[in-house]
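Novice: Quick one: this structure, given as structure tokens, is what I'll be asking you about.
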Amino acid sequence: MTVLVLDGVSKTRGGGAHATQALRDASLSVAQGEVVLLEGASGAGKTTLLAVAAGLLTPDAGRVLLAGRSLAELSPAERRRHRARVVGFVFQRSNLLEQLTVWENVLLMALLAGRPSGEARRATNEVFEQLDIGHLAPRGSGELSGGEEQRVGVARALVHRPALVLADEPTGNLDGASGGVVAEALATCAKARGAAVLVATHDARLEPFATRRVPIVDGRLGEGRSPQ
Amino acid sequence: MTDDAAKGISPGVQLLVKAVRNRPGRAWLAVGGVATSSLLVIALVATLRGAANSVVAYVGQDGADLWITPPGADHFLRLSGVLPAVLTDSVRALPGVAGADFILRAFVAVSWRRGGDRLRLTLYGVGYHAPDGVGGPPAFESGRPPHTRREVALDRAAARRLGVGLDDTVFVNGRAARAVGLTKGTNLLVTQFIFADAAAIEATSGFAGRASFIIVRLAPGAHSDTVAALIRERFPDVGVFDRATFVANSQRETGVGYTPILAFVDMLGVGAAAVLVALLIHALVEGRRTELAVLLALGAAPRTLARVMIGEATRLIVAGGVLGAVLARLLALVLDRVFPVIPLHFDLRDTMWALALLIACGILASSIPIARLGRVDALEAFRP
């Protein structure tokens, strides 16, 4: 089942003399269970593509279908609710909320996705167990290592069982061992939960888990290819 | 119904409240800033109120039911006319009058030698029938009323400014007198009272046989309007005022003098405090942009976030405002003990108004960045 469709999407960022065409006629489909790596240099348009896919940016041209719904046909509030339900985010820096404990950070995502309180708590416990991070639950985000933070970030992205996980350089700030652990956790847990994963990265440690690699250069998507 | 639902706040909102809450250090900084502003505003208003009310304790004292004034005078503070002192006896004989005493009021130079220094103050000299006549000190901090022409009781703030203590000898218009009492409620801010027997003030001021005011104590059951009308009928050239009117007129007259200046300074202070609170709260909200961007990206509703942020701002402003009010009261207690020259008068309504003003300023200031929440770029969450 196709989770994300980008069809002829273009997007210009900035204005006036600073305007940059971040995406040019980009088309991409991502199906359930896929782990797609979006590979390109800094400024190639990777983050813009993720933001358009999530409905955080509105494309200038083209259309976006996310979990079966055309984002252009949704009001901003509907788009926000749809995003909260069907998308999970993993950011380059974990962006855990420092005033919340690790457990609360993950629980909040489940609640924002509209899960009732009891169900959200169960889902949070379940994803902590799956990622084997139960021991981190009562800690504050400032008490975690970089690798631990990103594993919690992965838990937050998966707790509400989203159809699509969008990850922006999830291993970019991590050393070799930690990066490998996070990459594996993201790919395997997302697959186990039936989510599609679209990862913007240029980290080779993610390649073993990819089902497809798609290059992006100056906002243009290249032909996707399966990893060797 | 769950516990969360019973509280009326959803668990998600509770977590959002916690998520946008500021770190303790920053929160305390904001509370301290708001408290300082609140202290400034409340203290300034209390100073203004203290100045306006400074004359009330004396003019409104018990036993002073009617005030008879020289022609043209309708208040206590500034007048140049005098009455014949013998008029007191005629008033005393009127029906409805239980007692009448005159007071003689004159500016006097009070000096005191401390070490090698000669300190000098010009004070409001009030001569009355010491020690028990009407028109004497309304209250004492220590000591007693003067009993002889060689004794005086002076305001405690004046005593502090001169460095005079009980039993010290001061010079009133050059004549030596022993300070036997320190009085309260007798500080007009720009000057203070000194009390002596009327004969002593007559002797030092050259107003022998004259009175500044005659104070009337009514007989039980007598009505002030009736007695006032009778006095006007018998002595058509004088002014007669009941206590409430004379107090109000004297307060009004205070306002004509230095109160406008104080009010202007107060307004500047209030404005500065309001701007400080506004800037503090604006900075607090702006400081949470990254968290807000993350929450927006994750799907939090901008309207809910706005409510939560306003709640957080209100919490800090109220905490700071209340702390400032408490500090203002403590400051007043300390000032009253160590530096009673500034009469502070706290009024609960003033405090509530000051707090309401600062809370309104803070909420208004927070609402500007909060109103722009919709423009917070959720892509900030993606920035490394």
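Residues in the structure tokens are numbered from 1 in each chain, the chains being A, B, ... in the order shown, and ligands are numbered from 1 in the order shown.
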Determine, for each residue of chain A having at least one atom at most 7 Å from an atom of chain B, the closest pair of atoms and their separation in Å to one decimal, counting only C-alpha atoms; order by chain and ascending number, as JSON lines.
Specialist:
```
{"residue": "A:Leu56", "atom": "CA", "partner": "B:Ala378", "partner_atom": "CA", "distance": 6.9}
{"residue": "A:Arg80", "atom": "CA", "partner": "B:Gly299", "partner_atom": "CA", "distance": 5.3}
{"residue": "A:Arg81", "atom": "CA", "partner": "B:Gly299", "partner_atom": "CA", "distance": 6.3}
{"residue": "A:Arg83", "atom": "CA", "partner": "B:Gly299", "partner_atom": "CA", "distance": 6.5}
{"residue": "A:Ala84", "atom": "CA", "partner": "B:Gly299", "partner_atom": "CA", "distance": 4.7}
{"residue": "A:Phe91", "atom": "CA", "partner": "B:Phe382", "partner_atom": "CA", "distance": 5.9}
{"residue": "A:Gln92", "atom": "CA", "partner": "B:Pro384", "partner_atom": "CA", "distance": 5.9}
{"residue": "A:Arg93", "atom": "CA", "partner": "B:Pro384", "partner_atom": "CA", "distance": 6.0}
{"residue": "A:Asn95", "atom": "CA", "partner": "B:Val294", "partner_atom": "CA", "distance": 6.9}
{"residue": "A:Leu97", "atom": "CA", "partner": "B:Ala19", "partner_atom": "CA", "distance": 6.1}
{"residue": "A:Gln99", "atom": "CA", "partner": "B:Ala19", "partner_atom": "CA", "distance": 5.2}
{"residue": "A:Leu100", "atom": "CA", "partner": "B:Ala19", "partner_atom": "CA", "distance": 5.8}
{"residue": "A:Leu108", "atom": "CA", "partner": "B:Gly12", "partner_atom": "CA", "distance": 6.1}
{"residue": "A:Leu111", "atom": "CA", "partner": "B:Gly12", "partner_atom": "CA", "distance": 5.5}
{"residue": "A:Leu112", "atom": "CA", "partner": "B:Ala300", "partner_atom": "CA", "distance": 6.2}
{"residue": "A:Ser117", "atom": "CA", "partner": "B:Pro11", "partner_atom": "CA", "distance": 6.8}
```
Novice: Write the residues you've just listed into a file as a compact mmCIF listing (two decimals), in the first residue's frame, and include N, CA, C and O atoms for each of them.
Specialist:
```
# COMPACT_ATOMS: atom_id res chain seq x y z
N LEU A 56 3.99 20.44 6.31
CA LEU A 56 4.48 21.63 7.01
C LEU A 56 4.74 22.76 6.02
O LEU A 56 4.72 23.93 6.40
N ARG A 80 -3.00 19.53 10.19
CA ARG A 80 -2.24 19.32 11.43
C ARG A 80 -2.67 18.03 12.12
O ARG A 80 -1.82 17.24 12.55
N ARG A 81 -3.98 17.81 12.20
CA ARG A 81 -4.46 16.59 12.87
C ARG A 81 -4.05 15.34 12.10
O ARG A 81 -3.65 14.34 12.68
N ARG A 83 -1.47 15.05 10.15
CA ARG A 83 -0.02 14.86 10.33
C ARG A 83 0.28 14.20 11.67
O ARG A 83 1.08 13.27 11.77
N ALA A 84 -0.41 14.69 12.72
CA ALA A 84 -0.16 14.14 14.06
C ALA A 84 -0.50 12.65 14.11
O ALA A 84 0.15 11.88 14.82
N PHE A 91 14.23 13.96 14.26
CA PHE A 91 15.03 15.12 13.85
C PHE A 91 16.51 14.84 14.02
O PHE A 91 16.90 13.91 14.73
N GLN A 92 17.34 15.70 13.38
CA GLN A 92 18.78 15.51 13.50
C GLN A 92 19.23 15.63 14.96
O GLN A 92 19.97 14.82 15.45
N ARG A 93 18.79 16.73 15.63
CA ARG A 93 18.97 16.73 17.08
C ARG A 93 17.64 16.29 17.64
O ARG A 93 16.58 16.63 17.08
N ASN A 95 15.52 17.01 19.73
CA ASN A 95 14.42 17.93 20.01
C ASN A 95 13.48 17.41 21.08
O ASN A 95 12.27 17.66 21.05
N LEU A 97 11.78 17.60 24.61
CA LEU A 97 11.41 18.78 25.39
C LEU A 97 12.04 18.65 26.77
O LEU A 97 11.74 17.70 27.51
N GLN A 99 11.81 20.03 29.61
CA GLN A 99 11.07 20.10 30.88
C GLN A 99 10.29 18.80 31.15
O GLN A 99 9.73 18.64 32.22
N LEU A 100 10.24 17.92 30.14
CA LEU A 100 9.53 16.66 30.32
C LEU A 100 10.52 15.53 30.52
O LEU A 100 11.65 15.59 30.04
N LEU A 108 3.53 12.32 25.21
CA LEU A 108 2.91 13.53 24.63
C LEU A 108 2.60 13.32 23.15
O LEU A 108 1.55 13.73 22.66
N LEU A 111 -0.50 11.36 22.75
CA LEU A 111 -1.68 12.17 23.07
C LEU A 111 -1.98 13.17 21.95
O LEU A 111 -3.13 13.41 21.60
N LEU A 112 -0.91 13.77 21.38
CA LEU A 112 -1.12 14.71 20.28
C LEU A 112 -1.73 14.00 19.07
O LEU A 112 -2.46 14.61 18.29
N SER A 117 -6.04 8.75 26.90
CA SER A 117 -4.96 8.72 27.88
C SER A 117 -4.45 7.32 28.20
O SER A 117 -3.25 7.04 28.15
```
Novice: Show which residues sit within 7 Å of Pro59 in chain A, as a list in words. Count only C-alpha atoms, and ignore same-chain residues fewer than 3 positions away.
Specialist: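 Selected residues are Val9, Ser10, Lys11, Val52 and Gly62 of chain A.
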Novice: May I have the residues within 10 Å of range 13-19 of chain A as number ranges by chain, using only C-alpha atoms and disregarding those fewer than 6 positions away in the same chain?
Specialist: A: 45, 48, 57, 60
Novice: List the spatial neighbours of range 72-87 of chain B as number ranges by chain - criterion: any atom at most 6 Å away, only C-alpha atoms, same-chain residues fewer than 2 positions off excluded.
Specialist: B: 69-70, 89-90, 209-212, 246, 249-250
Novice: Please extract the residues of range 123-368 of chain B with a backbone DSSP assignment of helix (DSSP H, G or I) and present them as an MDAnalysis selection string.
Specialist: chainID B and resid 156:162 198:205 224:234 243:256 259:286 289:298 302:338 348:368
Novice: So what do you get for CA of Ala137 in chain A versus CA of Ala187 in chain A, distance-wise?
Specialist: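 Atom-to-atom, CA of Ala137 in chain A and CA of Ala187 in chain A are spaced 21.6 Å apart.
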Novice: Of the candidates B:Val247, B:Leu327, B:Ala365, B:Ala153, which one gets nearest to Val59 in chain B if we count only C-alpha atoms?
Specialist: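 Among the listed residues, the smallest separation from Val59 in chain B belongs to B:Val247.
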Novice: To one decimal place in Å, what is the distance between CA of Ile133 in chain A and CA of Gly153 in chain A?
Specialist: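 One can read the CA of Ile133 in chain A to CA of Gly153 in chain A distance as 11.2 Å.
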Novice: Could you check the closest approach to Arg149 in chain B for each of B:Tyr124, B:Phe195, B:Phe264, B:Trp112 and tell me which residue wins, using only C-alpha atoms?
Specialist: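 Counting only C-alpha atoms, the residue closest to Arg149 in chain B is B:Phe195.
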Novice: Please list as a PDB file with all heavy atoms, in the first residue's frame every residue within 7 Å of Ala98 in chain B, counting only C-alpha atoms and excluding residues in the same chain fewer than 6 positions away.
Specialist:
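Once written, result_16.pdb looks like this:
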```
ATOM      1  N   ARG B 217     -15.186  71.271  70.086  1.00  0.00           N
ATOM      2  CA  ARG B 217     -15.673  69.927  70.428  1.00  0.00           C
ATOM      3  C   ARG B 217     -17.157  70.047  70.732  1.00  0.00           C
ATOM      4  O   ARG B 217     -17.563  70.876  71.563  1.00  0.00           O
ATOM      5  CB  ARG B 217     -14.904  69.389  71.629  1.00  0.00           C
ATOM      6  CG  ARG B 217     -15.138  67.894  71.869  1.00  0.00           C
ATOM      7  CD  ARG B 217     -14.211  67.313  72.933  1.00  0.00           C
ATOM      8  NE  ARG B 217     -14.504  67.847  74.261  1.00  0.00           N
ATOM      9  CZ  ARG B 217     -13.725  68.706  74.909  1.00  0.00           C
ATOM     10  NH1 ARG B 217     -12.608  69.128  74.346  1.00  0.00           N
ATOM     11  NH2 ARG B 217     -14.048  69.145  76.120  1.00  0.00           N
ATOM     12  N   LEU B 218     -17.982  69.252  70.057  1.00  0.00           N
ATOM     13  CA  LEU B 218     -19.434  69.377  70.209  1.00  0.00           C
ATOM     14  C   LEU B 218     -19.912  68.669  71.470  1.00  0.00           C
ATOM     15  O   LEU B 218     -19.336  67.651  71.881  1.00  0.00           O
ATOM     16  CB  LEU B 218     -20.157  68.769  68.991  1.00  0.00           C
ATOM     17  CG  LEU B 218     -19.922  69.478  67.643  1.00  0.00           C
ATOM     18  CD1 LEU B 218     -20.607  68.698  66.522  1.00  0.00           C
ATOM     19  CD2 LEU B 218     -20.449  70.907  67.690  1.00  0.00           C
ATOM     20  N   ALA B 219     -20.993  69.196  72.012  1.00  0.00           N
ATOM     21  CA  ALA B 219     -21.619  68.539  73.165  1.00  0.00           C
ATOM     22  C   ALA B 219     -22.347  67.297  72.685  1.00  0.00           C
ATOM     23  O   ALA B 219     -22.761  67.227  71.515  1.00  0.00           O
ATOM     24  CB  ALA B 219     -22.613  69.512  73.820  1.00  0.00           C
TER      25      ALA B 219
END
```
Novice: Can you pull out the residues contacting Leu6 in chain A? Cut-off 6 Å, using only C-alpha atoms, and skip same-chain residues under 4 positions away; I want them as number ranges by chain.
Specialist: A: 27-28, 64
Novice: Next, write the just-selected residues to a file, as a PDB file, in the first residue's frame, keeping all heavy atoms as the atom set.
Specialist:
```pdb
ATOM      1  N   SER A  27       8.887  13.883  -7.963  1.00  0.00           N
ATOM      2  CA  SER A  27       7.857  12.841  -7.850  1.00  0.00           C
ATOM      3  C   SER A  27       8.456  11.641  -7.139  1.00  0.00           C
ATOM      4  O   SER A  27       9.584  11.227  -7.422  1.00  0.00           O
ATOM      5  CB  SER A  27       7.362  12.412  -9.237  1.00  0.00           C
ATOM      6  OG  SER A  27       6.705  13.503  -9.868  1.00  0.00           O
ATOM      7  N   LEU A  28       7.694  11.127  -6.193  1.00  0.00           N
ATOM      8  CA  LEU A  28       8.210  10.017  -5.378  1.00  0.00           C
ATOM      9  C   LEU A  28       7.038   9.288  -4.749  1.00  0.00           C
ATOM     10  O   LEU A  28       6.066   9.902  -4.322  1.00  0.00           O
ATOM     11  CB  LEU A  28       9.121  10.582  -4.268  1.00  0.00           C
ATOM     12  CG  LEU A  28       9.675   9.615  -3.239  1.00  0.00           C
ATOM     13  CD1 LEU A  28      10.731   8.698  -3.872  1.00  0.00           C
ATOM     14  CD2 LEU A  28      10.302  10.382  -2.060  1.00  0.00           C
ATOM     15  N   VAL A  64       0.402  16.334  -3.134  1.00  0.00           N
ATOM     16  CA  VAL A  64       0.950  15.419  -2.126  1.00  0.00           C
ATOM     17  C   VAL A  64      -0.204  14.581  -1.586  1.00  0.00           C
ATOM     18  O   VAL A  64      -1.213  15.128  -1.129  1.00  0.00           O
ATOM     19  CB  VAL A  64       1.602  16.184  -0.956  1.00  0.00           C
ATOM     20  CG1 VAL A  64       2.180  15.208   0.059  1.00  0.00           C
ATOM     21  CG2 VAL A  64       2.667  17.134  -1.461  1.00  0.00           C
TER      22      VAL A  64
END
```
